[in-house]
Amino acid sequence: MTLDVNGHEQDLRLDNRTTLLDALREHLGLTGAKKGCDHGQCGACTVLLDGRRVVSCLVLACSAHGAAVTTVEGLSAGYGLHPIQEAFIEHDALQCGFCTPGQICSAVGLTAEETASPAAVREAMSGNICRCGAYTHIAAAVYEVAASS
C-alpha cells in the first residue's frame, strides 16, 4: 500500500490490522505521535488525516490509503516552525513533552475549525490529555493562533 505522509509517498507492506500509529512509528520511523493509551482516549497519537484531527491508534493504516497524513514532523516548512509550534514555545505550553506532538497536531487541525472563544478552544482540545497540567498555557497558545487565523 502507499501512504502520503508529510507530502512524501511511502510504499509499505503492512498487515491489514496495522494501525496508522504503528505504521508511522514502527515502519516509517516517525516517532512524534506517541502510543499513550492505545484506546483513543489520551490524544497522544493525534495526527492529521486530510487536515482533520484523528487519533491514529484507532485508524487502520489501510484506511488512510489515498489520504494525506501529516505528523508533527511534517508541520514545519524548511527550518521554520509552524505558528502553533512557535506559540507553544512562547506560552511555555509544554513540560515533559510526551503529549506535545499530539497537542500540536490537534491544535493545527483545530485552527481550521471554528473556534470563536477561549472556552471553545478548551472544549475542542479536551480530547488531548496532559498529565503535567499545562492546560492553561496550551489553551492560551492555541487560542492566540486560532484567533489570528
# chains A, B, ... in the order shown; residues from 1 in each chain; ligands from 1
>>> select_by_dssp(residues="segment 29-120 of chain A", states="helix (DSSP H, G or I)", output="PyMOL selection string")
chain A and resi 56-58+61-64+72-74+83-90+100-111+118-120
>>> select_by_dssp(residues="segment 19-117 of chain A", states="strand (DSSP E)", output="ChimeraX atom specification")
/A:46-49,52-55,68-70
>>> write_last_selection(atoms="C-alpha atoms", output="PDB file, in the first residue's frame")
ATOM      1  CA  THR A  46      -3.119  12.619  17.210  1.00  0.00           C
ATOM      2  CA  VAL A  47      -2.146  13.267  13.582  1.00  0.00           C
ATOM      3  CA  LEU A  48      -3.898  14.997  10.711  1.00  0.00           C
ATOM      4  CA  LEU A  49      -5.675  12.945   8.055  1.00  0.00           C
ATOM      5  CA  ARG A  52      -8.678  16.637  10.174  1.00  0.00           C
ATOM      6  CA  ARG A  53      -7.601  15.556  13.635  1.00  0.00           C
ATOM      7  CA  VAL A  54      -7.592  11.785  14.215  1.00  0.00           C
ATOM      8  CA  VAL A  55      -6.265   9.536  16.952  1.00  0.00           C
ATOM      9  CA  ALA A  68      -2.735  12.953   3.194  1.00  0.00           C
ATOM     10  CA  VAL A  69      -1.256  12.113   6.604  1.00  0.00           C
ATOM     11  CA  THR A  70       0.514  14.913   8.457  1.00  0.00           C
TER      12      THR A  70
END
>>> closest_residue(among="A:Cys37, A:Val145, A:Ala112, A:Leu3", to="Ala87 of chain A", atoms="only C-alpha atoms")
A:Val145
>>> closest_atom_pairs(of="segment 45-123 of chain A", to="segment 26-34 of chain A", cutoff="10 Å", atoms="only C-alpha atoms", output="CSV")
residue,atom,partner,partner_atom,distance
A:Cys45,CA,A:Ala33,CA,4.4
A:Thr46,CA,A:Ala33,CA,6.5
A:Val47,CA,A:Ala33,CA,7.1
A:Val55,CA,A:Ala33,CA,9.3
A:Ser56,CA,A:Ala33,CA,8.1
A:Cys57,CA,A:Lys34,CA,9.1
A:Thr71,CA,A:Ala33,CA,7.1
A:Val72,CA,A:Gly32,CA,6.1
A:Glu73,CA,A:Gly32,CA,6.6
A:Gly74,CA,A:Leu30,CA,9.8
A:Phe98,CA,A:Lys34,CA,7.2
A:Cys99,CA,A:Lys34,CA,7.4
A:Thr100,CA,A:Gly32,CA,8.8
A:Pro101,CA,A:Gly32,CA,5.8
A:Gly102,CA,A:Ala33,CA,6.2
A:Gln103,CA,A:Ala33,CA,9.9
A:Cys105,CA,A:Ala33,CA,9.1
>>> closest_residue(among="A:Ala139, A:Leu60, A:Gln41, A:Val5", to="Leu75 of chain A", atoms="only C-alpha atoms")
A:Val5
>>> residues_around(residues="Arg13 of chain A", least_positions_apart="4", cutoff="12 Å", atoms="only C-alpha atoms", output="NGL selection string")
:A and (1-3 or 17-18 or 23 or 27-28 or 61-62)
>>> write_last_selection(atoms="N, CA, C and O atoms", output="PDB file, in the first residue's frame")
ATOM      1  N   MET A   1       0.839  -1.184   0.000  1.00  0.00           N
ATOM      2  CA  MET A   1       0.000   0.000   0.000  1.00  0.00           C
ATOM      3  C   MET A   1       0.877   1.238   0.000  1.00  0.00           C
ATOM      4  O   MET A   1       2.046   1.171   0.353  1.00  0.00           O
ATOM      5  N   THR A   2       0.284   2.356  -0.384  1.00  0.00           N
ATOM      6  CA  THR A   2       1.003   3.623  -0.419  1.00  0.00           C
ATOM      7  C   THR A   2       0.324   4.612   0.517  1.00  0.00           C
ATOM      8  O   THR A   2      -0.893   4.765   0.490  1.00  0.00           O
ATOM      9  N   LEU A   3       1.143   5.254   1.343  1.00  0.00           N
ATOM     10  CA  LEU A   3       0.648   6.316   2.213  1.00  0.00           C
ATOM     11  C   LEU A   3       1.347   7.614   1.836  1.00  0.00           C
ATOM     12  O   LEU A   3       2.556   7.621   1.586  1.00  0.00           O
ATOM     13  N   ARG A  17      -4.209  -5.367   9.715  1.00  0.00           N
ATOM     14  CA  ARG A  17      -4.622  -4.957  11.069  1.00  0.00           C
ATOM     15  C   ARG A  17      -3.716  -3.879  11.654  1.00  0.00           C
ATOM     16  O   ARG A  17      -3.934  -3.434  12.782  1.00  0.00           O
ATOM     17  N   THR A  18      -2.724  -3.426  10.898  1.00  0.00           N
ATOM     18  CA  THR A  18      -1.778  -2.427  11.394  1.00  0.00           C
ATOM     19  C   THR A  18      -2.458  -1.074  11.525  1.00  0.00           C
ATOM     20  O   THR A  18      -3.098  -0.594  10.576  1.00  0.00           O
ATOM     21  N   ALA A  23       2.129   2.025  11.867  1.00  0.00           N
ATOM     22  CA  ALA A  23       2.782   2.219  10.566  1.00  0.00           C
ATOM     23  C   ALA A  23       3.739   3.407  10.628  1.00  0.00           C
ATOM     24  O   ALA A  23       4.871   3.324  10.139  1.00  0.00           O
ATOM     25  N   HIS A  27       7.168   1.399  11.111  1.00  0.00           N
ATOM     26  CA  HIS A  27       7.559   1.143   9.728  1.00  0.00           C
ATOM     27  C   HIS A  27       8.207   2.349   9.051  1.00  0.00           C
ATOM     28  O   HIS A  27       8.987   2.182   8.116  1.00  0.00           O
ATOM     29  N   LEU A  28       7.865   3.556   9.498  1.00  0.00           N
ATOM     30  CA  LEU A  28       8.428   4.754   8.878  1.00  0.00           C
ATOM     31  C   LEU A  28       9.384   5.511   9.792  1.00  0.00           C
ATOM     32  O   LEU A  28      10.009   6.482   9.357  1.00  0.00           O
ATOM     33  N   ALA A  61      -4.180   1.617   9.103  1.00  0.00           N
ATOM     34  CA  ALA A  61      -3.320   2.232   8.083  1.00  0.00           C
ATOM     35  C   ALA A  61      -3.926   2.081   6.699  1.00  0.00           C
ATOM     36  O   ALA A  61      -3.876   3.012   5.891  1.00  0.00           O
ATOM     37  N   CYS A  62      -4.541   0.932   6.425  1.00  0.00           N
ATOM     38  CA  CYS A  62      -5.119   0.707   5.093  1.00  0.00           C
ATOM     39  C   CYS A  62      -6.250   1.686   4.802  1.00  0.00           C
ATOM     40  O   CYS A  62      -6.518   2.011   3.646  1.00  0.00           O
TER      41      CYS A  62
END
>>> closest_residue(among="A:Leu14, A:Ala134, A:Ala44, A:Leu21", to="Leu94 of chain A", atoms="only C-alpha atoms")
A:Ala134
